[in-house]
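Printed here is work_38.txt (compact mmCIF, C-alpha atoms and all ligand atoms):
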```txt
# COMPACT_ATOMS: atom_id res chain seq x y z
CA MET A 26 -66.18 38.55 87.46
CA ALA A 27 -63.15 37.28 89.37
CA GLU A 28 -63.79 34.47 91.81
CA PRO A 29 -63.76 35.66 95.44
CA THR A 30 -60.76 34.62 97.50
CA LYS A 31 -61.00 32.35 100.52
CA LYS A 32 -60.30 35.41 102.68
CA ASP A 33 -63.23 37.27 101.06
CA LEU A 34 -65.52 34.35 101.77
CA LEU A 35 -64.42 33.81 105.36
CA LYS A 36 -64.71 37.26 106.87
CA ASP A 37 -68.15 37.70 108.49
CA LEU A 38 -68.38 35.77 111.72
CA VAL A 39 -71.45 33.99 113.03
CA VAL A 40 -71.96 35.86 116.31
CA GLY A 41 -73.47 33.86 119.16
CA ILE A 42 -76.50 35.25 120.95
CA ASP A 43 -76.11 36.35 124.57
CA ILE A 44 -79.28 35.44 126.49
CA LYS A 45 -78.06 37.50 129.45
CA GLN A 46 -78.52 40.67 127.38
CA HIS A 47 -82.14 39.99 126.37
CA ASP A 48 -84.86 40.02 128.99
CA VAL A 49 -87.61 38.38 126.94
CA ARG A 50 -89.99 37.72 129.84
CA PRO A 51 -92.73 40.19 128.76
CA LEU A 52 -92.52 38.96 125.16
CA VAL A 53 -92.75 35.27 126.07
CA ASP A 54 -95.54 35.92 128.61
CA ALA A 55 -97.48 37.75 125.87
CA MET A 56 -96.84 34.92 123.39
CA ALA A 57 -98.28 32.45 125.91
CA ASN A 58 -101.69 34.14 125.45
CA MET A 59 -101.60 33.83 121.66
CA ALA A 60 -102.21 30.62 119.71
CA PHE A 61 -100.31 27.94 117.79
CA GLN A 62 -96.54 27.74 118.35
CA ALA A 63 -96.41 31.08 120.21
CA ARG A 64 -98.60 29.61 122.95
CA ASN A 65 -96.66 26.34 122.88
CA LEU A 66 -93.40 28.23 123.23
CA GLY A 67 -94.75 30.28 126.13
CA ARG A 68 -95.75 27.09 127.91
CA ALA A 69 -92.42 25.38 127.12
CA ALA A 70 -90.48 28.32 128.60
CA LYS A 71 -92.56 28.11 131.78
CA ILE A 72 -91.98 24.36 132.04
CA TYR A 73 -88.21 24.84 131.69
CA ASP A 74 -88.42 27.47 134.44
CA MET A 75 -90.42 24.98 136.56
CA MET A 76 -87.63 22.39 136.13
CA LEU A 77 -85.11 24.91 137.42
CA ALA A 78 -87.34 26.00 140.30
CA ASP A 79 -87.96 22.40 141.43
CA LYS A 80 -85.07 21.84 143.82
CA ASP A 81 -85.32 18.06 143.40
CA CYS A 82 -85.17 18.14 139.61
CA SER A 83 -81.97 17.51 137.64
CA VAL A 84 -82.00 18.88 134.10
CA ILE A 85 -80.74 16.99 131.06
CA VAL A 86 -80.34 18.98 127.84
CA CYS A 87 -80.32 17.18 124.46
CA MET A 88 -78.77 18.71 121.35
CA ALA A 89 -79.23 17.56 117.73
CA GLY A 90 -78.87 19.45 114.45
CA SER A 91 -76.28 22.15 113.78
CA LEU A 92 -76.82 24.28 116.87
CA CYS A 93 -73.34 25.29 118.00
CA SER A 94 -72.31 26.48 114.52
CA ALA A 95 -75.50 28.55 114.24
CA GLY A 96 -74.92 30.96 117.12
CA LEU A 97 -76.51 28.88 119.90
CA ARG A 98 -73.20 27.74 121.40
CA ASP A 99 -73.15 30.65 123.85
CA VAL A 100 -76.67 29.77 125.00
CA PHE A 101 -75.51 26.30 126.05
CA ILE A 102 -72.35 27.71 127.67
CA ASP A 103 -74.44 30.20 129.68
CA MET A 104 -76.76 27.38 130.71
CA VAL A 105 -73.80 25.32 131.98
CA GLU A 106 -72.18 28.26 133.74
CA ASN A 107 -75.43 29.29 135.44
CA ARG A 108 -76.58 25.90 136.75
CA MET A 109 -79.37 25.63 134.16
CA VAL A 110 -78.28 22.14 133.05
CA ASP A 111 -76.82 19.16 134.92
CA ALA A 112 -76.00 16.76 132.05
CA ILE A 113 -75.89 16.98 128.26
CA VAL A 114 -76.62 14.38 125.57
CA ALA A 115 -75.60 15.59 122.12
CA THR A 116 -74.49 14.75 118.61
CA GLY A 117 -70.79 14.67 117.81
CA ALA A 118 -71.19 17.45 115.28
CA ASN A 119 -72.30 19.86 118.02
CA ILE A 120 -69.66 18.89 120.54
CA VAL A 121 -66.63 18.15 118.36
CA ASP A 122 -66.93 19.72 114.88
CA GLN A 123 -68.61 22.87 116.14
CA ASP A 124 -67.89 23.54 119.83
CA PHE A 125 -64.46 21.93 120.38
CA PHE A 126 -63.50 23.35 116.97
CA GLU A 127 -64.20 26.88 118.27
CA GLY A 128 -62.48 25.98 121.53
CA LEU A 129 -59.34 25.44 119.44
CA GLY A 130 -59.72 29.04 118.26
CA PHE A 131 -61.45 28.43 114.91
CA LYS A 132 -64.64 30.18 113.82
CA HIS A 133 -67.85 29.78 111.83
CA TYR A 134 -68.58 32.36 109.14
CA ARG A 135 -71.77 33.83 107.72
CA GLY A 136 -72.11 32.58 104.15
CA ASP A 137 -74.70 32.51 101.42
CA VAL A 138 -77.28 29.78 100.97
CA ARG A 139 -77.16 30.41 97.18
CA ALA A 140 -73.37 30.03 96.99
CA ASP A 141 -71.68 28.18 94.14
CA ASP A 142 -70.76 24.98 95.98
CA GLY A 143 -68.20 23.98 93.34
CA MET A 144 -66.39 27.26 93.99
CA LEU A 145 -66.56 26.63 97.76
CA ARG A 146 -65.09 23.16 97.18
CA ARG A 147 -62.16 24.70 95.26
CA HIS A 148 -61.44 26.86 98.32
CA ALA A 149 -61.89 23.95 100.78
CA ILE A 150 -64.86 25.71 102.36
CA ASP A 151 -67.65 23.53 103.78
CA ARG A 152 -71.19 24.87 103.92
CA ILE A 153 -73.94 24.26 106.48
CA TYR A 154 -76.92 26.04 104.90
CA ASP A 155 -75.82 29.69 105.19
CA THR A 156 -72.70 29.05 107.27
CA TYR A 157 -69.13 28.49 106.06
CA ILE A 158 -66.34 26.48 107.67
CA ASP A 159 -62.68 26.32 106.69
CA GLU A 160 -62.11 22.62 106.00
CA ASP A 161 -58.36 22.96 106.61
CA GLN A 162 -59.23 23.99 110.17
CA LEU A 163 -61.62 21.04 110.52
CA ARG A 164 -58.68 18.77 109.63
CA VAL A 165 -56.77 20.26 112.56
CA CYS A 166 -59.78 19.42 114.74
CA ASP A 167 -59.69 15.80 113.44
CA SER A 168 -55.97 15.46 114.14
CA THR A 169 -56.34 17.01 117.60
CA MET A 170 -58.87 14.29 118.40
CA ALA A 171 -56.28 11.69 117.31
CA LYS A 172 -53.70 13.43 119.51
CA ILE A 173 -56.00 13.28 122.55
CA ALA A 174 -56.56 9.55 121.89
CA ASP A 175 -52.75 9.08 121.64
CA GLU A 176 -52.28 10.88 124.98
CA MET A 177 -54.99 8.80 126.68
CA LEU A 178 -53.36 5.64 125.33
CA ALA A 179 -49.94 6.68 126.59
CA ALA A 180 -51.36 7.53 130.02
CA GLY A 181 -53.53 4.46 130.66
CA GLY A 182 -52.93 1.83 127.99
CA PRO A 183 -55.38 0.41 125.44
CA ARG A 184 -59.00 0.50 126.59
CA ALA A 185 -62.55 1.37 125.69
CA VAL A 186 -64.00 4.45 127.38
CA SER A 187 -67.37 6.16 127.33
CA SER A 188 -67.72 9.22 125.13
CA ARG A 189 -68.29 11.08 128.41
CA GLU A 190 -64.77 10.20 129.58
CA PHE A 191 -63.25 11.13 126.21
CA ILE A 192 -65.10 14.47 126.12
CA ARG A 193 -63.83 15.29 129.60
CA GLU A 194 -60.30 14.84 128.21
CA MET A 195 -61.25 17.26 125.42
CA GLY A 196 -62.30 19.77 128.08
CA ALA A 197 -58.98 19.23 129.87
CA TYR A 198 -57.15 19.73 126.55
CA VAL A 199 -58.87 23.09 125.95
CA ALA A 200 -58.22 24.10 129.58
CA LYS A 201 -54.52 23.38 129.08
CA HIS A 202 -53.93 24.75 125.58
CA HIS A 203 -56.67 27.36 125.05
CA PRO A 204 -57.76 28.37 128.57
CA THR A 205 -59.15 31.75 127.55
CA THR A 206 -61.38 30.59 124.69
CA ARG A 207 -65.09 30.18 125.33
CA SER A 208 -66.16 26.59 124.83
CA LEU A 209 -68.92 24.27 125.96
CA VAL A 210 -66.55 21.34 126.58
CA LEU A 211 -64.34 23.68 128.64
CA SER A 212 -67.22 25.09 130.72
CA ALA A 213 -68.67 21.62 131.21
CA TYR A 214 -65.23 20.38 132.31
CA ARG A 215 -64.92 23.21 134.82
CA MET A 216 -68.51 22.85 136.10
CA ASP A 217 -68.41 19.00 136.17
CA VAL A 218 -71.36 18.75 133.79
CA PRO A 219 -71.01 15.41 131.95
CA ILE A 220 -71.53 15.41 128.18
CA PHE A 221 -72.57 12.18 126.44
CA VAL A 222 -72.35 11.67 122.66
CA PRO A 223 -73.81 8.23 121.95
CA ALA A 224 -72.81 8.22 118.25
CA PHE A 225 -69.35 9.64 118.94
CA SER A 226 -67.63 8.43 115.77
CA ASP A 227 -70.18 10.10 113.48
CA CYS A 228 -68.25 13.38 113.31
CA SER A 229 -64.71 14.78 113.46
CA ALA A 230 -64.09 12.41 116.40
CA GLY A 231 -64.53 9.48 113.99
CA PHE A 232 -61.79 10.73 111.67
CA GLY A 233 -59.44 11.23 114.61
CA LEU A 234 -60.20 7.85 116.15
CA VAL A 235 -59.84 5.98 112.84
CA TYR A 236 -56.44 7.63 112.37
CA HIS A 237 -55.46 6.75 115.94
CA GLN A 238 -56.57 3.10 115.65
CA VAL A 239 -54.85 2.55 112.28
CA HIS A 240 -51.61 3.96 113.71
CA HIS A 241 -51.86 1.81 116.86
CA PRO A 242 -53.03 -1.54 115.47
CA ASP A 243 -51.86 -3.56 118.45
CA GLY A 244 -53.60 -1.56 121.16
CA HIS A 245 -55.64 1.58 120.99
CA MET A 246 -58.43 3.68 122.48
CA ALA A 247 -62.01 2.76 121.60
CA ILE A 248 -65.42 4.16 122.46
CA ASP A 249 -67.82 2.05 124.50
CA SER A 250 -71.30 3.36 123.74
CA ALA A 251 -72.91 0.86 126.13
CA ALA A 252 -70.83 2.49 128.87
CA ASP A 253 -72.43 5.81 127.90
CA PHE A 254 -75.86 4.30 128.33
CA ARG A 255 -74.93 2.68 131.64
CA GLU A 256 -73.42 5.88 133.00
CA LEU A 257 -76.42 7.98 131.98
CA THR A 258 -78.68 5.39 133.60
CA GLU A 259 -76.60 5.58 136.79
CA LEU A 260 -76.92 9.35 136.64
CA LYS A 261 -80.71 9.05 136.35
CA LEU A 262 -80.82 6.69 139.34
CA ARG A 263 -78.72 9.10 141.37
CA ALA A 264 -80.73 12.13 140.23
CA GLY A 265 -84.21 10.74 140.90
CA ARG A 266 -86.44 13.43 139.48
CA THR A 267 -85.43 14.68 136.04
CA GLY A 268 -86.51 17.12 133.36
CA LEU A 269 -85.53 17.07 129.70
CA LEU A 270 -84.98 20.08 127.48
CA MET A 271 -84.56 18.58 124.00
CA VAL A 272 -83.34 20.74 121.15
CA GLY A 273 -83.97 18.83 117.93
CA GLY A 274 -84.58 15.09 117.97
CA GLY A 275 -82.41 12.23 116.72
CA VAL A 276 -80.20 9.98 118.82
CA PRO A 277 -79.84 12.30 121.86
CA LYS A 278 -83.62 12.47 122.34
CA ASN A 279 -84.06 8.70 122.38
CA PHE A 280 -80.95 8.03 124.43
CA ALA A 281 -81.97 10.42 127.20
CA GLN A 282 -85.56 9.17 127.29
CA ASP A 283 -84.53 5.50 127.33
CA VAL A 284 -82.62 5.67 130.62
CA VAL A 285 -85.91 5.28 132.47
CA VAL A 286 -86.45 1.93 130.75
CA ALA A 287 -82.79 0.92 131.29
CA ALA A 288 -83.21 1.57 135.02
CA GLU A 289 -86.27 -0.70 135.02
CA VAL A 290 -84.33 -3.40 133.14
CA LEU A 291 -81.77 -3.24 135.95
CA GLY A 292 -84.56 -3.82 138.47
CA HIS A 293 -84.84 -0.28 139.82
CA GLU A 294 -88.03 1.67 140.21
CA THR A 295 -87.43 5.14 138.93
CA GLU A 296 -89.65 8.09 138.03
CA MET A 297 -90.32 8.83 134.38
CA HIS A 298 -88.87 12.16 133.27
CA LYS A 299 -91.22 14.51 135.15
CA TYR A 300 -90.81 17.52 132.88
CA ALA A 301 -90.08 17.47 129.16
CA VAL A 302 -89.81 20.12 126.46
CA GLN A 303 -88.84 19.51 122.85
CA LEU A 304 -88.05 22.21 120.30
CA THR A 305 -88.17 20.58 116.86
CA VAL A 306 -89.01 21.04 113.20
CA ALA A 307 -90.06 17.38 112.83
CA ASP A 308 -93.72 16.42 113.06
CA GLU A 309 -95.23 13.12 114.10
CA ARG A 310 -96.74 11.91 110.82
CA ASP A 311 -93.85 9.72 109.69
CA GLY A 312 -93.78 7.75 112.96
CA ALA A 313 -90.05 8.48 113.36
CA LEU A 314 -88.41 9.38 116.64
CA SER A 315 -87.51 13.02 116.01
CA GLY A 316 -91.12 14.21 115.76
CA SER A 317 -92.76 11.68 118.06
CA THR A 318 -94.70 13.57 120.70
CA LEU A 319 -93.90 13.51 124.37
CA ARG A 320 -97.40 12.14 125.01
CA GLU A 321 -96.43 9.19 122.81
CA ALA A 322 -93.28 8.75 124.94
CA ASN A 323 -95.60 8.33 127.93
CA SER A 324 -96.97 5.12 126.38
CA TRP A 325 -93.38 3.78 126.50
CA GLY A 326 -93.07 4.72 130.17
CA LYS A 327 -90.44 7.41 129.52
CA VAL A 328 -92.09 10.81 130.07
CA ASP A 329 -94.73 11.82 132.61
CA LEU A 330 -97.88 13.52 131.38
CA GLY A 331 -98.74 17.00 132.59
CA ASP A 332 -95.64 19.13 132.31
CA GLU A 333 -94.56 18.25 128.79
CA GLN A 334 -94.59 20.45 125.71
CA MET A 335 -93.58 20.15 122.06
CA VAL A 336 -92.74 23.38 120.18
CA PHE A 337 -92.70 23.10 116.40
CA GLY A 338 -90.16 25.64 115.22
CA GLU A 339 -86.53 26.04 114.28
CA ALA A 340 -84.19 26.16 117.25
CA THR A 341 -82.24 29.32 116.36
CA VAL A 342 -85.58 31.10 116.86
CA THR A 343 -87.09 29.10 119.72
CA LEU A 344 -84.16 28.25 122.02
CA PRO A 345 -82.98 31.83 122.70
CA LEU A 346 -86.52 32.70 123.82
CA VAL A 347 -86.96 29.65 126.05
CA ALA A 348 -83.47 29.90 127.56
CA ALA A 349 -83.50 33.69 128.03
CA TYR A 350 -86.93 33.50 129.68
CA ALA A 351 -85.68 30.96 132.22
CA TYR A 352 -82.40 32.84 132.70
CA HIS A 353 -84.17 36.12 133.51
CA ARG A 354 -86.76 34.42 135.74
CA GLY A 355 -83.69 33.51 137.78
CA ALA A 356 -84.75 30.22 139.40
CA TRP A 357 -81.25 28.93 138.63
CA ARG A 358 -79.83 31.27 141.29
CA ALA A 359 -81.18 29.05 144.07
CA ARG A 360 -80.25 25.74 142.42
CA GLU A 361 -77.62 23.45 143.86
CA GLU A 362 -74.84 22.36 141.54
CA ARG A 363 -75.05 18.62 140.85
CA ARG A 364 -71.52 18.19 139.46
CA PHE A 365 -72.52 14.76 138.13
CA ALA A 366 -69.18 14.27 136.34
CA LYS A 367 -67.64 13.62 139.75
CA LEU A 368 -69.88 10.60 140.10
CA PHE A 369 -67.90 8.77 137.43
CA GLU A 370 -64.49 9.94 138.58
CA LYS A 371 -65.21 8.46 141.98
CA GLU A 372 -66.21 5.18 140.32
CA ALA A 373 -63.00 5.14 138.28
CA ALA A 374 -60.92 5.71 141.42
CA GLU A 375 -62.67 2.83 143.18
CA LYS A 376 -61.95 0.36 140.32
N1 LIG B 401 -75.24 18.71 111.45
C1 LIG B 401 -74.02 18.60 110.92
O1 LIG B 401 -73.55 19.53 110.29
C2 LIG B 401 -73.22 17.33 111.06
C3 LIG B 401 -71.86 17.33 110.72
C4 LIG B 401 -71.11 16.19 110.91
C5 LIG B 401 -71.69 15.06 111.46
N2 LIG B 401 -73.03 15.07 111.77
C6 LIG B 401 -73.58 13.87 112.40
O2 LIG B 401 -74.79 13.46 111.78
C7 LIG B 401 -75.66 12.86 112.76
C8 LIG B 401 -77.03 13.51 112.71
O3 LIG B 401 -76.86 14.88 112.91
P1 LIG B 401 -77.96 16.00 113.08
O4 LIG B 401 -78.33 16.07 114.50
O5 LIG B 401 -77.41 17.22 112.46
O6 LIG B 401 -79.18 15.61 112.20
P2 LIG B 401 -80.52 14.93 112.48
O7 LIG B 401 -81.19 15.01 111.20
O8 LIG B 401 -80.31 13.60 113.11
O9 LIG B 401 -81.33 15.84 113.54
C9 LIG B 401 -82.36 15.22 114.22
C10 LIG B 401 -83.64 15.96 114.10
O10 LIG B 401 -83.56 17.11 114.93
C11 LIG B 401 -84.40 18.10 114.40
N3 LIG B 401 -83.62 19.33 114.20
C12 LIG B 401 -82.38 19.41 113.69
N4 LIG B 401 -81.99 20.69 113.63
C13 LIG B 401 -83.02 21.43 114.14
C14 LIG B 401 -83.21 22.81 114.35
N5 LIG B 401 -82.26 23.72 114.02
N6 LIG B 401 -84.36 23.20 114.89
C15 LIG B 401 -85.31 22.33 115.24
N7 LIG B 401 -85.20 21.00 115.04
C16 LIG B 401 -84.05 20.55 114.51
C17 LIG B 401 -84.93 17.61 113.07
O11 LIG B 401 -86.23 17.12 113.31
C18 LIG B 401 -84.01 16.47 112.73
O12 LIG B 401 -84.69 15.50 111.99
C19 LIG B 401 -74.97 13.04 114.12
O13 LIG B 401 -74.31 11.85 114.50
C20 LIG B 401 -73.95 14.13 113.86
O14 LIG B 401 -72.82 14.06 114.70
C21 LIG B 401 -73.79 16.18 111.58
```

Could I get this structure in the form of structure tokens?
Amino acid sequence: MAEPTKKDLLKDLVVGIDIKQHDVRPLVDAMANMAFQARNLGRAAKIYDMMLADKDCSVIVCMAGSLCSAGLRDVFIDMVENRMVDAIVATGANIVDQDFFEGLGFKHYRGDVRADDGMLRRHAIDRIYDTYIDEDQLRVCDSTMAKIADEMLAAGGPRAVSSREFIREMGAYVAKHHPTTRSLVLSAYRMDVPIFVPAFSDCSAGFGLVYHQVHHPDGHMAIDSAADFRELTELKLRAGRTGLLMVGGGVPKNFAQDVVVAAEVLGHETEMHKYAVQLTVADERDGALSGSTLREANSWGKVDLGDEQMVFGEATVTLPLVAAYAYHRGAWRAREERRFAKLFEKEAAEK
């Protein structure tokens, strides 16, 4: 049988789910009276709704894993556009390789988990489980990151910036060159929702920044991950009460939880995260961070007990239910916009 062409392989798009179209309230309410993860999910959805209904609570969303490529990108965009999140902590893969990539006009395709990976390699197609990506397009994403670094260098000279500042420039880039595409970095830019990626070089951004630094050996842009931590801590101090909605675990989960301790180190008394929900496939037996329970986080002084809930399940199944439940409950309608990104612009202007 003849080998399929690249065009044959890249034809069925991954279609993002639209939480606005699915009123899951009766389903999730019914699940809350079941057992196991159905009950946990029902409780998690109610806690997220409580965060949004609490007018003093700012919401931080954490993203790990391959969420944006898997059809969840629109969920996060809807959350940003409807005041359901005030700050984001994520992995670079989600923000750069998957969201910014689509902001540039590229797509993710439905593939086959049993595919011949050697054949995919010959076509320069990358696979994430059952999803295909055109690697040639990813290279354009890498080089666009280098271009943004070049432009920042030309505008302000060599310096180290937080990932938050760099990602805002990515939002500005999409606003300028692809204003009609749907993108999380674009929506966050427009809504002044800061996005932090603590391990920023561990993705397409890394390729772009390495290229940029090698081509500007005498002065270049760098990423200051301590600045990310400081800025997120400042945000926590400004916010006061906070709730976490963590999708997956990894670096974003720890980074967002640790700001309570960082505030203490700086001599401030601040509340632990009052509300916390984590949707994860990891369990706690290995003692690693991703599956550590939110009760355990209480022993570290990071998360309050009471309104916290772990849900053990894969996020393409659990997040649409939790997010759609909160969306259709509508508490977000009465929420004030925080526009936390402006906090750092003001600081920059004062320097
Ligand atoms: N995921 C990718 O395709 C990809 C691509 C390029 C770079 N990277 C980089 O690799 C690093 C780690 O990335 P990562 O976040 O993908 O892996 P990760 O293994 O660090 O994810 C952390 C944990 O989150 C949980 N998790 C992940 N996906 C989940 C899901 N769908 N549902 C529920 N729980 C889930 C798992 O417990 C996992 O152990 C990051 O710096 C990222 O930028 C990842």

Around stretch 356-368 of chain A, fit a box with edges along x, y and z, padding it by 3 Å on each side, then list its centre and edge lengths in Å to one decimal as AutoDock Vina command-line options.
```
--center_x -76.2 --center_y 20.9 --center_z 140.2 --size_x 23.1 --size_y 26.7 --size_z 13.7
```

Taking only C-alpha atoms into account, produce a table as CSV in which each residue of stretch 211-269 of chain A with an atom at most 12 Å from an atom of stretch 299-309 of chain A appears once, together with its shortest atom pair and the distance in Å to one decimal, ordered by chain and rising number.
```
residue,atom,partner,partner_atom,distance
A:Lys261,CA,A:Lys299,CA,11.9
A:Ala264,CA,A:Lys299,CA,11.9
A:Gly265,CA,A:Lys299,CA,9.8
A:Arg266,CA,A:Lys299,CA,6.5
A:Thr267,CA,A:Lys299,CA,5.9
A:Gly268,CA,A:Tyr300,CA,4.3
A:Leu269,CA,A:Ala301,CA,4.6
```

How close does each residue of stretch 66-128 of chain A get to stretch 29-49 of chain A, giving the shortest atom pair and distance in Å to one decimal for every residue with an atom at most 9 Å away, counting only C-alpha atoms, sorted by chain and residue number, as a Markdown table?
```
| residue | atom | partner | partner_atom | distance |
| --- | --- | --- | --- | --- |
| A:Cys93 | CA | A:Gly41 | CA | 8.6 |
| A:Ser94 | CA | A:Val39 | CA | 7.7 |
| A:Ala95 | CA | A:Val39 | CA | 6.9 |
| A:Gly96 | CA | A:Gly41 | CA | 3.8 |
| A:Leu97 | CA | A:Gly41 | CA | 5.9 |
| A:Arg98 | CA | A:Gly41 | CA | 6.5 |
| A:Asp99 | CA | A:Gly41 | CA | 5.7 |
| A:Val100 | CA | A:Ile44 | CA | 6.4 |
| A:Asp103 | CA | A:Ile44 | CA | 7.8 |
```

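With distances taken over all atoms listed in the file, A:Gly117 is the one residue among A:Gly136, A:Pro204, A:Gly117, A:Gly196 lying closest to ligand LIG 401 (chain B).
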
Could you list the protein, DNA and RNA residues that have any atom within 8 Å of ligand LIG 401 (chain B), counting only C-alpha atoms and all ligand atoms, and write them as a PDB file with C-alpha atoms, in the coordinates of the input?
```
ATOM      1  CA  MET A  88     -78.770  18.710 121.350  1.00  0.00           C
ATOM      2  CA  ALA A  89     -79.230  17.560 117.730  1.00  0.00           C
ATOM      3  CA  GLY A  90     -78.870  19.450 114.450  1.00  0.00           C
ATOM      4  CA  SER A  91     -76.280  22.150 113.780  1.00  0.00           C
ATOM      5  CA  LEU A  92     -76.820  24.280 116.870  1.00  0.00           C
ATOM      6  CA  THR A 116     -74.490  14.750 118.610  1.00  0.00           C
ATOM      7  CA  GLY A 117     -70.790  14.670 117.810  1.00  0.00           C
ATOM      8  CA  ALA A 118     -71.190  17.450 115.280  1.00  0.00           C
ATOM      9  CA  ASN A 119     -72.300  19.860 118.020  1.00  0.00           C
ATOM     10  CA  ASP A 122     -66.930  19.720 114.880  1.00  0.00           C
ATOM     11  CA  ILE A 153     -73.940  24.260 106.480  1.00  0.00           C
ATOM     12  CA  ALA A 224     -72.810   8.220 118.250  1.00  0.00           C
ATOM     13  CA  PHE A 225     -69.350   9.640 118.940  1.00  0.00           C
ATOM     14  CA  SER A 226     -67.630   8.430 115.770  1.00  0.00           C
ATOM     15  CA  ASP A 227     -70.180  10.100 113.480  1.00  0.00           C
ATOM     16  CA  CYS A 228     -68.250  13.380 113.310  1.00  0.00           C
ATOM     17  CA  SER A 229     -64.710  14.780 113.460  1.00  0.00           C
ATOM     18  CA  VAL A 272     -83.340  20.740 121.150  1.00  0.00           C
ATOM     19  CA  GLY A 273     -83.970  18.830 117.930  1.00  0.00           C
ATOM     20  CA  GLY A 274     -84.580  15.090 117.970  1.00  0.00           C
ATOM     21  CA  GLY A 275     -82.410  12.230 116.720  1.00  0.00           C
ATOM     22  CA  VAL A 276     -80.200   9.980 118.820  1.00  0.00           C
ATOM     23  CA  LEU A 304     -88.050  22.210 120.300  1.00  0.00           C
ATOM     24  CA  THR A 305     -88.170  20.580 116.860  1.00  0.00           C
ATOM     25  CA  VAL A 306     -89.010  21.040 113.200  1.00  0.00           C
ATOM     26  CA  ALA A 307     -90.060  17.380 112.830  1.00  0.00           C
ATOM     27  CA  ASP A 308     -93.720  16.420 113.060  1.00  0.00           C
ATOM     28  CA  SER A 315     -87.510  13.020 116.010  1.00  0.00           C
ATOM     29  CA  GLY A 316     -91.120  14.210 115.760  1.00  0.00           C
ATOM     30  CA  PHE A 337     -92.700  23.100 116.400  1.00  0.00           C
ATOM     31  CA  GLY A 338     -90.160  25.640 115.220  1.00  0.00           C
ATOM     32  CA  GLU A 339     -86.530  26.040 114.280  1.00  0.00           C
ATOM     33  CA  ALA A 340     -84.190  26.160 117.250  1.00  0.00           C
ATOM     34  CA  THR A 341     -82.240  29.320 116.360  1.00  0.00           C
TER      35      THR A 341
END
```

So how many Å separate atom CA of A:Glu194 and atom CA of A:Val218, to one decimal? 13.0 Å

Residues within 9 Å of A:Leu262, please, as an MDAnalysis selection string. Count only C-alpha atoms; anything in the same chain fewer than 3 positions from it doesn't count. chainID A and resid 257:259 265:266 284:285 288 293:295

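Taking atom CA of A:Ile192 and atom CA of A:Met170 as the two end points, the separation is 9.9 Å.
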
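Between A:Cys82 and the candidates A:Met109, A:Met144, A:Ala281, A:Ala171, the tightest atom-to-atom separation, counting only C-alpha atoms, involves A:Met109.
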
Which residues come within 12 Å of stretch 356-373 of chain A, counting all atoms listed in the file, excluding same-chain residues fewer than 4 positions away, as number ranges by chain? A: 71-85, 103-113, 186-187, 189-190, 192-193, 212-221, 252-253, 255-264, 348-352

Okay, now the selection with C-alpha atoms, as a short mmCIF file (atom, residue, chain, number, x, y, z; two decimals), in the coordinates of the input?
```cif
data_model
loop_
_atom_site.label_atom_id
_atom_site.label_comp_id
_atom_site.auth_asym_id
_atom_site.auth_seq_id
_atom_site.Cartn_x
_atom_site.Cartn_y
_atom_site.Cartn_z
CA LYS A 71 -92.56 28.11 131.78
CA ILE A 72 -91.98 24.36 132.04
CA TYR A 73 -88.21 24.84 131.69
CA ASP A 74 -88.42 27.47 134.44
CA MET A 75 -90.42 24.98 136.56
CA MET A 76 -87.63 22.39 136.13
CA LEU A 77 -85.11 24.91 137.42
CA ALA A 78 -87.34 26.00 140.30
CA ASP A 79 -87.96 22.40 141.43
CA LYS A 80 -85.07 21.84 143.82
CA ASP A 81 -85.32 18.06 143.40
CA CYS A 82 -85.17 18.14 139.61
CA SER A 83 -81.97 17.51 137.64
CA VAL A 84 -82.00 18.88 134.10
CA ILE A 85 -80.74 16.99 131.06
CA ASP A 103 -74.44 30.20 129.68
CA MET A 104 -76.76 27.38 130.71
CA VAL A 105 -73.80 25.32 131.98
CA GLU A 106 -72.18 28.26 133.74
CA ASN A 107 -75.43 29.29 135.44
CA ARG A 108 -76.58 25.90 136.75
CA MET A 109 -79.37 25.63 134.16
CA VAL A 110 -78.28 22.14 133.05
CA ASP A 111 -76.82 19.16 134.92
CA ALA A 112 -76.00 16.76 132.05
CA ILE A 113 -75.89 16.98 128.26
CA VAL A 186 -64.00 4.45 127.38
CA SER A 187 -67.37 6.16 127.33
CA ARG A 189 -68.29 11.08 128.41
CA GLU A 190 -64.77 10.20 129.58
CA ILE A 192 -65.10 14.47 126.12
CA ARG A 193 -63.83 15.29 129.60
CA SER A 212 -67.22 25.09 130.72
CA ALA A 213 -68.67 21.62 131.21
CA TYR A 214 -65.23 20.38 132.31
CA ARG A 215 -64.92 23.21 134.82
CA MET A 216 -68.51 22.85 136.10
CA ASP A 217 -68.41 19.00 136.17
CA VAL A 218 -71.36 18.75 133.79
CA PRO A 219 -71.01 15.41 131.95
CA ILE A 220 -71.53 15.41 128.18
CA PHE A 221 -72.57 12.18 126.44
CA ALA A 252 -70.83 2.49 128.87
CA ASP A 253 -72.43 5.81 127.90
CA ARG A 255 -74.93 2.68 131.64
CA GLU A 256 -73.42 5.88 133.00
CA LEU A 257 -76.42 7.98 131.98
CA THR A 258 -78.68 5.39 133.60
CA GLU A 259 -76.60 5.58 136.79
CA LEU A 260 -76.92 9.35 136.64
CA LYS A 261 -80.71 9.05 136.35
CA LEU A 262 -80.82 6.69 139.34
CA ARG A 263 -78.72 9.10 141.37
CA ALA A 264 -80.73 12.13 140.23
CA ALA A 348 -83.47 29.90 127.56
CA ALA A 349 -83.50 33.69 128.03
CA TYR A 350 -86.93 33.50 129.68
CA ALA A 351 -85.68 30.96 132.22
CA TYR A 352 -82.40 32.84 132.70
#
```

A straight line from atom CA of A:Val235 to atom CA of A:Lys278 spans 26.4 Å
